[in-house]
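Have a look at structure.txt below; it lists compact mmCIF, C-alpha atoms.
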# COMPACT_ATOMS: atom_id res chain seq x y z
CA GLY A 66 46.88 37.44 148.96
CA ALA A 67 49.14 39.92 147.25
CA VAL A 68 50.46 39.14 143.77
CA VAL A 69 54.08 39.19 142.71
CA SER A 70 54.92 38.42 139.11
CA GLN A 71 58.25 37.45 137.54
CA HIS A 72 59.31 37.45 133.94
CA PRO A 73 60.61 35.49 132.11
CA SER A 74 59.72 32.16 133.67
CA ARG A 75 62.45 30.42 131.68
CA VAL A 76 65.41 31.81 129.80
CA ILE A 77 68.36 30.25 128.02
CA CYS A 78 71.36 32.39 127.26
CA LYS A 79 74.85 31.90 125.93
CA SER A 80 77.93 32.13 128.13
CA GLY A 81 79.22 35.64 128.35
CA THR A 82 75.93 37.35 127.70
CA SER A 83 73.71 39.15 130.19
CA VAL A 84 70.14 38.38 131.09
CA LYS A 85 67.56 40.49 132.91
CA ILE A 86 64.80 39.15 135.15
CA GLU A 87 61.90 41.38 136.17
CA CYS A 88 59.92 41.24 139.38
CA ARG A 89 56.69 43.19 139.70
CA SER A 90 54.29 43.70 142.56
CA LEU A 91 50.93 43.82 140.78
CA ASP A 92 48.52 45.02 143.46
CA PHE A 93 50.69 46.75 146.04
CA GLN A 94 53.70 48.99 146.31
CA ALA A 95 56.91 47.45 147.55
CA THR A 96 59.73 49.63 148.81
CA THR A 97 61.72 46.47 149.38
CA MET A 98 61.98 43.32 147.32
CA PHE A 99 64.14 40.29 147.87
CA TRP A 100 66.05 38.12 145.40
CA TYR A 101 66.84 34.46 146.05
CA ARG A 102 68.48 31.70 144.11
CA GLN A 103 67.85 28.04 144.58
CA PHE A 104 69.70 25.05 143.20
CA PRO A 105 67.77 21.79 142.65
CA LYS A 106 66.81 20.13 145.94
CA LYS A 107 68.60 22.84 147.91
CA SER A 108 67.39 25.58 150.23
CA LEU A 109 66.46 29.10 149.26
CA MET A 110 69.49 31.36 149.40
CA LEU A 111 68.90 35.08 149.88
CA MET A 112 71.08 36.97 147.42
CA ALA A 113 70.15 40.57 148.03
CA THR A 114 67.61 43.03 149.31
CA SER A 115 66.43 45.49 146.70
CA ASN A 116 65.52 48.96 147.97
CA GLU A 117 63.50 51.40 145.87
CA GLY A 118 65.54 54.45 145.01
CA SER A 119 68.75 53.26 146.61
CA LYS A 120 71.44 50.62 146.28
CA ALA A 121 70.70 47.00 146.93
CA THR A 122 72.10 45.24 149.95
CA TYR A 123 73.93 42.06 149.00
CA GLU A 124 74.45 39.02 151.18
CA GLN A 125 77.94 37.91 151.94
CA GLY A 126 79.53 36.07 149.06
CA VAL A 127 77.22 37.46 146.37
CA GLU A 128 79.05 39.46 143.71
CA LYS A 129 77.29 42.79 143.30
CA ASP A 130 78.99 43.48 139.97
CA LYS A 131 77.76 40.20 138.57
CA PHE A 132 74.22 40.34 139.90
CA LEU A 133 73.03 43.87 139.20
CA ILE A 134 69.84 44.88 140.96
CA ASN A 135 67.78 47.92 140.07
CA HIS A 136 64.66 48.95 141.95
CA ALA A 137 63.55 51.97 139.97
CA SER A 138 59.92 52.10 141.04
CA LEU A 139 57.69 50.93 143.85
CA THR A 140 56.41 48.03 141.74
CA LEU A 141 59.44 46.86 139.78
CA SER A 142 62.82 45.39 140.64
CA THR A 143 65.16 43.84 138.10
CA LEU A 144 68.02 41.39 138.47
CA THR A 145 70.60 41.33 135.70
CA VAL A 146 73.03 38.46 135.57
CA THR A 147 76.05 39.85 133.76
CA SER A 148 78.60 37.83 131.80
CA ALA A 149 76.69 34.68 132.62
CA HIS A 150 78.44 31.36 133.01
CA PRO A 151 77.02 27.84 133.22
CA GLU A 152 77.47 27.85 137.00
CA ASP A 153 74.97 30.73 137.16
CA SER A 154 72.28 28.36 135.91
CA SER A 155 69.73 28.24 138.70
CA PHE A 156 66.20 29.07 139.79
CA TYR A 157 65.92 32.77 140.68
CA ILE A 158 62.98 33.90 142.79
CA CYS A 159 61.89 37.31 143.97
CA SER A 160 59.60 38.20 146.84
CA ALA A 161 57.99 41.25 148.37
CA SER A 162 55.85 42.25 151.29
CA PRO A 163 52.88 44.64 151.06
CA GLY A 164 54.17 46.26 154.24
CA GLN A 165 50.81 46.55 155.96
CA THR A 166 51.18 42.95 157.04
CA PRO A 167 54.45 41.15 157.73
CA THR A 168 53.81 38.57 155.01
CA LEU A 169 56.17 37.73 152.18
CA TYR A 170 54.82 36.78 148.76
CA PHE A 171 56.88 35.13 146.06
CA GLY A 172 57.01 35.52 142.33
CA GLU A 173 56.70 32.46 140.12
CA GLY A 174 60.46 32.17 139.76
CA SER A 175 62.73 32.26 136.72
CA TRP A 176 64.75 29.31 135.51
CA LEU A 177 68.03 30.45 134.00
CA THR A 178 70.08 28.07 131.86
CA VAL A 179 73.44 29.26 130.60
CA VAL A 180 74.85 27.24 127.71
CA GLN B 1358 72.77 34.78 164.12
CA LYS B 1359 69.09 34.11 163.75
CA GLU B 1360 68.36 30.51 162.81
CA VAL B 1361 65.36 28.44 161.84
CA GLU B 1362 65.73 24.69 161.96
CA GLN B 1363 63.69 21.95 160.37
CA ASN B 1364 64.16 18.24 159.86
CA SER B 1365 65.01 17.90 156.17
CA GLY B 1366 63.16 14.59 155.84
CA PRO B 1367 61.91 13.02 153.77
CA LEU B 1368 58.88 12.52 155.94
CA SER B 1369 56.72 9.79 154.49
CA VAL B 1370 53.11 9.29 155.53
CA PRO B 1371 50.34 7.16 154.02
CA GLU B 1372 47.42 8.82 152.31
CA GLY B 1373 44.76 9.85 154.81
CA ALA B 1374 47.17 10.09 157.75
CA ILE B 1375 48.20 13.18 159.68
CA ALA B 1376 51.52 14.72 158.69
CA SER B 1377 53.32 16.64 161.41
CA LEU B 1378 56.03 19.12 160.45
CA ASN B 1379 58.16 20.84 163.07
CA CYS B 1380 60.27 23.96 163.23
CA THR B 1381 62.36 25.65 165.92
CA TYR B 1382 63.77 29.16 165.86
CA SER B 1383 66.48 30.95 167.78
CA ASP B 1384 65.31 34.58 167.93
CA ARG B 1385 63.03 35.16 170.92
CA GLY B 1386 62.03 38.49 169.42
CA SER B 1387 60.32 36.80 166.48
CA GLN B 1388 56.81 38.04 166.01
CA SER B 1389 55.28 36.26 163.06
CA PHE B 1390 55.53 32.75 161.72
CA PHE B 1391 54.72 31.26 158.37
CA TRP B 1392 54.52 28.00 156.54
CA TYR B 1393 55.17 27.89 152.81
CA ARG B 1394 54.71 24.94 150.48
CA GLN B 1395 57.10 24.51 147.57
CA TYR B 1396 56.46 22.00 144.85
CA SER B 1397 59.45 20.76 142.90
CA GLY B 1398 60.49 23.34 140.33
CA LYS B 1399 58.07 25.97 141.61
CA SER B 1400 58.36 28.95 143.92
CA PRO B 1401 57.13 28.90 147.54
CA GLU B 1402 53.44 29.43 148.18
CA LEU B 1403 52.10 30.78 151.48
CA ILE B 1404 49.76 28.34 153.19
CA MET B 1405 49.57 29.48 156.83
CA SER B 1406 50.55 32.35 159.06
CA ILE B 1407 50.36 32.49 162.85
CA TYR B 1408 51.16 35.31 165.23
CA SER B 1409 50.05 34.26 168.72
CA ASN B 1410 50.47 31.20 170.90
CA GLY B 1411 48.09 28.35 170.31
CA ASP B 1412 46.51 26.72 167.30
CA LYS B 1413 45.24 28.18 164.07
CA GLU B 1414 43.21 26.04 161.73
CA ASP B 1415 42.54 26.50 158.03
CA GLY B 1416 40.87 23.58 156.31
CA ARG B 1417 43.09 20.52 156.63
CA PHE B 1418 45.99 22.61 157.95
CA THR B 1419 46.64 23.53 161.58
CA ALA B 1420 49.55 25.69 162.65
CA GLN B 1421 50.67 25.53 166.27
CA LEU B 1422 52.86 28.10 167.98
CA ASN B 1423 54.63 27.92 171.33
CA LYS B 1424 56.76 31.02 171.82
CA ALA B 1425 58.09 29.88 175.21
CA SER B 1426 59.57 26.80 173.57
CA GLN B 1427 60.39 28.67 170.34
CA TYR B 1428 58.57 26.04 168.40
CA VAL B 1429 56.08 26.12 165.55
CA SER B 1430 54.49 23.17 163.83
CA LEU B 1431 52.18 22.39 160.94
CA LEU B 1432 49.71 19.54 160.96
CA ILE B 1433 48.16 18.32 157.74
CA ARG B 1434 45.09 16.16 158.29
CA ASP B 1435 43.84 13.63 155.76
CA SER B 1436 47.09 13.91 153.82
CA GLN B 1437 46.80 13.60 150.05
CA PRO B 1438 49.44 12.71 147.45
CA SER B 1439 49.06 16.30 146.20
CA ASP B 1440 50.43 17.47 149.56
CA SER B 1441 53.80 15.96 148.64
CA ALA B 1442 56.14 18.95 148.57
CA THR B 1443 58.79 20.71 150.58
CA TYR B 1444 57.43 22.75 153.48
CA LEU B 1445 59.37 25.84 154.50
CA CYS B 1446 59.07 27.38 157.93
CA ALA B 1447 59.70 31.13 158.00
CA VAL B 1448 60.06 33.48 160.93
CA ASN B 1449 59.87 37.27 160.89
CA SER B 1450 61.07 39.59 163.64
CA ASP B 1451 59.46 42.85 162.55
CA ASN B 1452 56.01 44.07 161.61
CA TYR B 1453 56.75 44.91 158.01
CA GLY B 1454 57.97 41.71 156.38
CA GLN B 1455 61.50 43.00 156.11
CA ASN B 1456 63.34 40.51 158.25
CA PHE B 1457 62.45 36.97 157.24
CA VAL B 1458 64.53 33.93 158.06
CA PHE B 1459 63.70 30.66 156.31
CA GLY B 1460 64.34 27.14 157.46
CA PRO B 1461 65.87 24.62 155.05
CA GLY B 1462 62.52 22.92 154.51
CA THR B 1463 61.09 19.46 155.20
CA ARG B 1464 60.32 17.24 152.26
CA LEU B 1465 56.97 15.49 152.70
CA SER B 1466 55.96 12.46 150.70
CA VAL B 1467 52.38 11.20 150.93
CA LEU B 1468 52.16 7.65 149.71
CA PRO B 1469 48.97 6.52 147.90
As a first step, turn the structure in this file into structure tokens.
Amino acid sequence: GAVVSQHPSRVICKSGTSVKIECRSLDFQATTMFWYRQFPKKSLMLMATSNEGSKATYEQGVEKDKFLINHASLTLSTLTVTSAHPEDSSFYICSASPGQTPTLYFGEGSWLTVV
Amino acid sequence: QKEVEQNSGPLSVPEGAIASLNCTYSDRGSQSFFWYRQYSGKSPELIMSIYSNGDKEDGRFTAQLNKASQYVSLLIRDSQPSDSATYLCAVNSDNYGQNFVFGPGTRLSVLP
């Protein structure tokens, strides 16, 4: 299957700082990538759809100024959590589809802890 | 609103038994169906996809699709403790992977 890679896998940051998470499609081009967050023992929650070369589409209730998404190339999307607070601590996961087949592949996920 | 429903579980089965996981979906226009396995603290991993009515087998896994009933299931034969995870049902209504809806997941526990 297609490979999607996320970095970092774990990050700890101080309250008030910003942290960037990268999502790369390693063996295919992805015009669209998706960002999710997941709290322990809870369901995946779609945060936003990242579109290469244009603005991301955010789900209702997700603050676009807090969760900045940039999709500057066909293989890279980034999620920046700005002015992080402890309640932003969560598991963030990206996904992408090769497009030729309607199959979604996930990155390894990034654990964010805000202290 | 498009919905995918699953029993949250936990579903407990003894080692060696068949585990049966079920999923229903609301959008009759759905075209492709997927099962993902998610271990605790890890991201989802694709285990099966199915596109047409009937059964599809891959090793110990069998996916079953009934579009008339808007129902998709996953059978795991000879269940192993390593199969203990949350299983997510996902439904897509286009041909390009752009319109996925995930169920809440069923937690499976295989008891040694």
- Message: Can you tell me which residues surround Ser154 (chain A) at a distance of at most 7 Å, considering only C-alpha atoms, apart from same-chain residues fewer than 2 positions away, and format the answer as number ranges by chain?
- Response: A: 151-152, 177-179
Per residue of chain A within 12 Å of chain B, what are the shortest atom pair and its distance in Å to one decimal, counting only C-alpha atoms, with rows by chain and residue number, as a tab-separated table?
residue	atom	partner	partner_atom	distance
A:Gly66	CA	B:Leu1403	CA	8.8
A:Ala67	CA	B:Leu1403	CA	10.5
A:Val68	CA	B:Glu1402	CA	11.1
A:Val69	CA	B:Ser1400	CA	11.2
A:Ser70	CA	B:Ser1400	CA	11.2
A:Gln71	CA	B:Ser1400	CA	10.6
A:Ser74	CA	B:Lys1399	CA	10.2
A:Arg75	CA	B:Gly1398	CA	11.3
A:Ala95	CA	B:Gly1454	CA	10.6
A:Thr96	CA	B:Gln1455	CA	10.0
A:Thr97	CA	B:Gln1455	CA	7.6
A:Met98	CA	B:Gln1455	CA	8.8
A:Phe99	CA	B:Gln1455	CA	9.1
A:Tyr101	CA	B:Ser1400	CA	10.3
A:Arg102	CA	B:Ser1400	CA	10.5
A:Gln103	CA	B:Ser1400	CA	9.6
A:Phe104	CA	B:Gly1398	CA	9.8
A:Pro105	CA	B:Gly1398	CA	7.8
A:Lys106	CA	B:Ser1397	CA	8.0
A:Lys107	CA	B:Pro1461	CA	7.8
A:Ser108	CA	B:Pro1461	CA	5.1
A:Leu109	CA	B:Pro1461	CA	7.3
A:Met110	CA	B:Phe1459	CA	9.0
A:Leu111	CA	B:Val1458	CA	9.3
A:Thr114	CA	B:Gln1455	CA	9.1
A:Ser115	CA	B:Gln1455	CA	10.9
A:Asn116	CA	B:Gln1455	CA	10.9
A:Ser155	CA	B:Gly1398	CA	10.6
A:Phe156	CA	B:Gly1398	CA	8.1
A:Tyr157	CA	B:Ser1400	CA	9.1
A:Ile158	CA	B:Ser1400	CA	6.9
A:Cys159	CA	B:Ser1400	CA	9.1
A:Ser160	CA	B:Pro1401	CA	9.6
A:Ala161	CA	B:Gly1454	CA	8.0
A:Ser162	CA	B:Gly1454	CA	5.5
A:Pro163	CA	B:Gly1454	CA	7.9
A:Gly164	CA	B:Tyr1453	CA	4.8
A:Gln165	CA	B:Tyr1453	CA	6.5
A:Thr166	CA	B:Tyr1453	CA	6.0
A:Pro167	CA	B:Gly1454	CA	3.8
A:Thr168	CA	B:Gly1454	CA	5.4
A:Leu169	CA	B:Gly1454	CA	6.1
A:Tyr170	CA	B:Leu1403	CA	7.1
A:Phe171	CA	B:Pro1401	CA	6.4
A:Gly172	CA	B:Ser1400	CA	6.9
A:Glu173	CA	B:Ser1400	CA	5.4
A:Gly174	CA	B:Ser1400	CA	5.7
A:Ser175	CA	B:Ser1400	CA	9.0
A:Trp176	CA	B:Gly1398	CA	8.8
Kindly save the residues from that selection, with C-alpha atoms included, as a JSON list (two decimals), keeping the file's coordinate frame.
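Saved result, part-v7.json, follows:
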[["chain", "number", "residue", "atom", "x", "y", "z"],
["A", 66, "GLY", "CA", 46.88, 37.44, 148.96],
["A", 67, "ALA", "CA", 49.14, 39.92, 147.25],
["A", 68, "VAL", "CA", 50.46, 39.14, 143.77],
["A", 69, "VAL", "CA", 54.08, 39.19, 142.71],
["A", 70, "SER", "CA", 54.92, 38.42, 139.11],
["A", 71, "GLN", "CA", 58.25, 37.45, 137.54],
["A", 74, "SER", "CA", 59.72, 32.16, 133.67],
["A", 75, "ARG", "CA", 62.45, 30.42, 131.68],
["A", 95, "ALA", "CA", 56.91, 47.45, 147.55],
["A", 96, "THR", "CA", 59.73, 49.63, 148.81],
["A", 97, "THR", "CA", 61.72, 46.47, 149.38],
["A", 98, "MET", "CA", 61.98, 43.32, 147.32],
["A", 99, "PHE", "CA", 64.14, 40.29, 147.87],
["A", 101, "TYR", "CA", 66.84, 34.46, 146.05],
["A", 102, "ARG", "CA", 68.48, 31.70, 144.11],
["A", 103, "GLN", "CA", 67.85, 28.04, 144.58],
["A", 104, "PHE", "CA", 69.70, 25.05, 143.20],
["A", 105, "PRO", "CA", 67.77, 21.79, 142.65],
["A", 106, "LYS", "CA", 66.81, 20.13, 145.94],
["A", 107, "LYS", "CA", 68.60, 22.84, 147.91],
["A", 108, "SER", "CA", 67.39, 25.58, 150.23],
["A", 109, "LEU", "CA", 66.46, 29.10, 149.26],
["A", 110, "MET", "CA", 69.49, 31.36, 149.40],
["A", 111, "LEU", "CA", 68.90, 35.08, 149.88],
["A", 114, "THR", "CA", 67.61, 43.03, 149.31],
["A", 115, "SER", "CA", 66.43, 45.49, 146.70],
["A", 116, "ASN", "CA", 65.52, 48.96, 147.97],
["A", 155, "SER", "CA", 69.73, 28.24, 138.70],
["A", 156, "PHE", "CA", 66.20, 29.07, 139.79],
["A", 157, "TYR", "CA", 65.92, 32.77, 140.68],
["A", 158, "ILE", "CA", 62.98, 33.90, 142.79],
["A", 159, "CYS", "CA", 61.89, 37.31, 143.97],
["A", 160, "SER", "CA", 59.60, 38.20, 146.84],
["A", 161, "ALA", "CA", 57.99, 41.25, 148.37],
["A", 162, "SER", "CA", 55.85, 42.25, 151.29],
["A", 163, "PRO", "CA", 52.88, 44.64, 151.06],
["A", 164, "GLY", "CA", 54.17, 46.26, 154.24],
["A", 165, "GLN", "CA", 50.81, 46.55, 155.96],
["A", 166, "THR", "CA", 51.18, 42.95, 157.04],
["A", 167, "PRO", "CA", 54.45, 41.15, 157.73],
["A", 168, "THR", "CA", 53.81, 38.57, 155.01],
["A", 169, "LEU", "CA", 56.17, 37.73, 152.18],
["A", 170, "TYR", "CA", 54.82, 36.78, 148.76],
["A", 171, "PHE", "CA", 56.88, 35.13, 146.06],
["A", 172, "GLY", "CA", 57.01, 35.52, 142.33],
["A", 173, "GLU", "CA", 56.70, 32.46, 140.12],
["A", 174, "GLY", "CA", 60.46, 32.17, 139.76],
["A", 175, "SER", "CA", 62.73, 32.26, 136.72],
["A", 176, "TRP", "CA", 64.75, 29.31, 135.51]]
- Message: My list of candidates is A:Ser119, A:Ser142, A:Ser148, A:Gln125. Which is closest to Ile86 (chain A) when distances are computed with only C-alpha atoms?
- Response: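 The closest residue to Ile86 (chain A) is A:Ser142.
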- Query: With all atoms listed in the file as the atoms that count, which of B:Cys1446, B:Ser1436, B:Ala1425, B:Leu1465 lies nearest to Pro1371 (chain B)?
  - Reply: B:Ser1436
- Message: Could you list, as a PyMOL selection string, every residue within 8 Å of Glu1372 (chain B), counting all atoms listed in the file and ignoring same-chain residues fewer than 5 positions away?
- Response: chain B and resi 1435-1438+1467-1469
- Task: Give the answer as one residue: which of B:Ser1426, B:Gln1395, B:Asn1410, B:Asn1364 has the shortest atom-to-atom distance to Ala1442 (chain B), using only C-alpha atoms?
- Result: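 Using only C-alpha atoms, Ala1442 (chain B) sits closest to B:Gln1395.
With distances restricted to only C-alpha atoms, B:Val1361 is the closest residue to Tyr1382 (chain B) from B:Val1448, B:Leu1422, B:Leu1431, B:Val1361.
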- Item | Separation of CA of Trp100 (chain A) from CA of Gln1358 (chain B) in Å |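 Value for the CA of Gln1358 (chain B)-CA of Trp100 (chain A) distance: 20.2 Å.
Taking CA of Thr1463 (chain B) and CA of Arg1434 (chain B) as the two end points, the separation is 16.6 Å.
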- Suppose you want the space between CA of Ile77 (chain A) and CA of Leu139 (chain A); what is it in Å?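 Separation between CA of Ile77 (chain A) and CA of Leu139 (chain A): 28.1 Å.
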- Task: Name the residues in contact with Val146 (chain A) at a cut-off of 6 Å, using only C-alpha atoms, excluding same-chain residues fewer than 4 positions from it; report them as a list in words.
- Result: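 Contacts, with the query itself left out: Ser83, Val84, Lys131 and Phe132 of chain A.
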- Do a neighbour search on Thr140 (chain A) at 6 Å with all atoms listed in the file, toss out local chain neighbours closer than 3 positions, and write the hits as a PyMOL selection string. chain A and resi 89-90+94-95
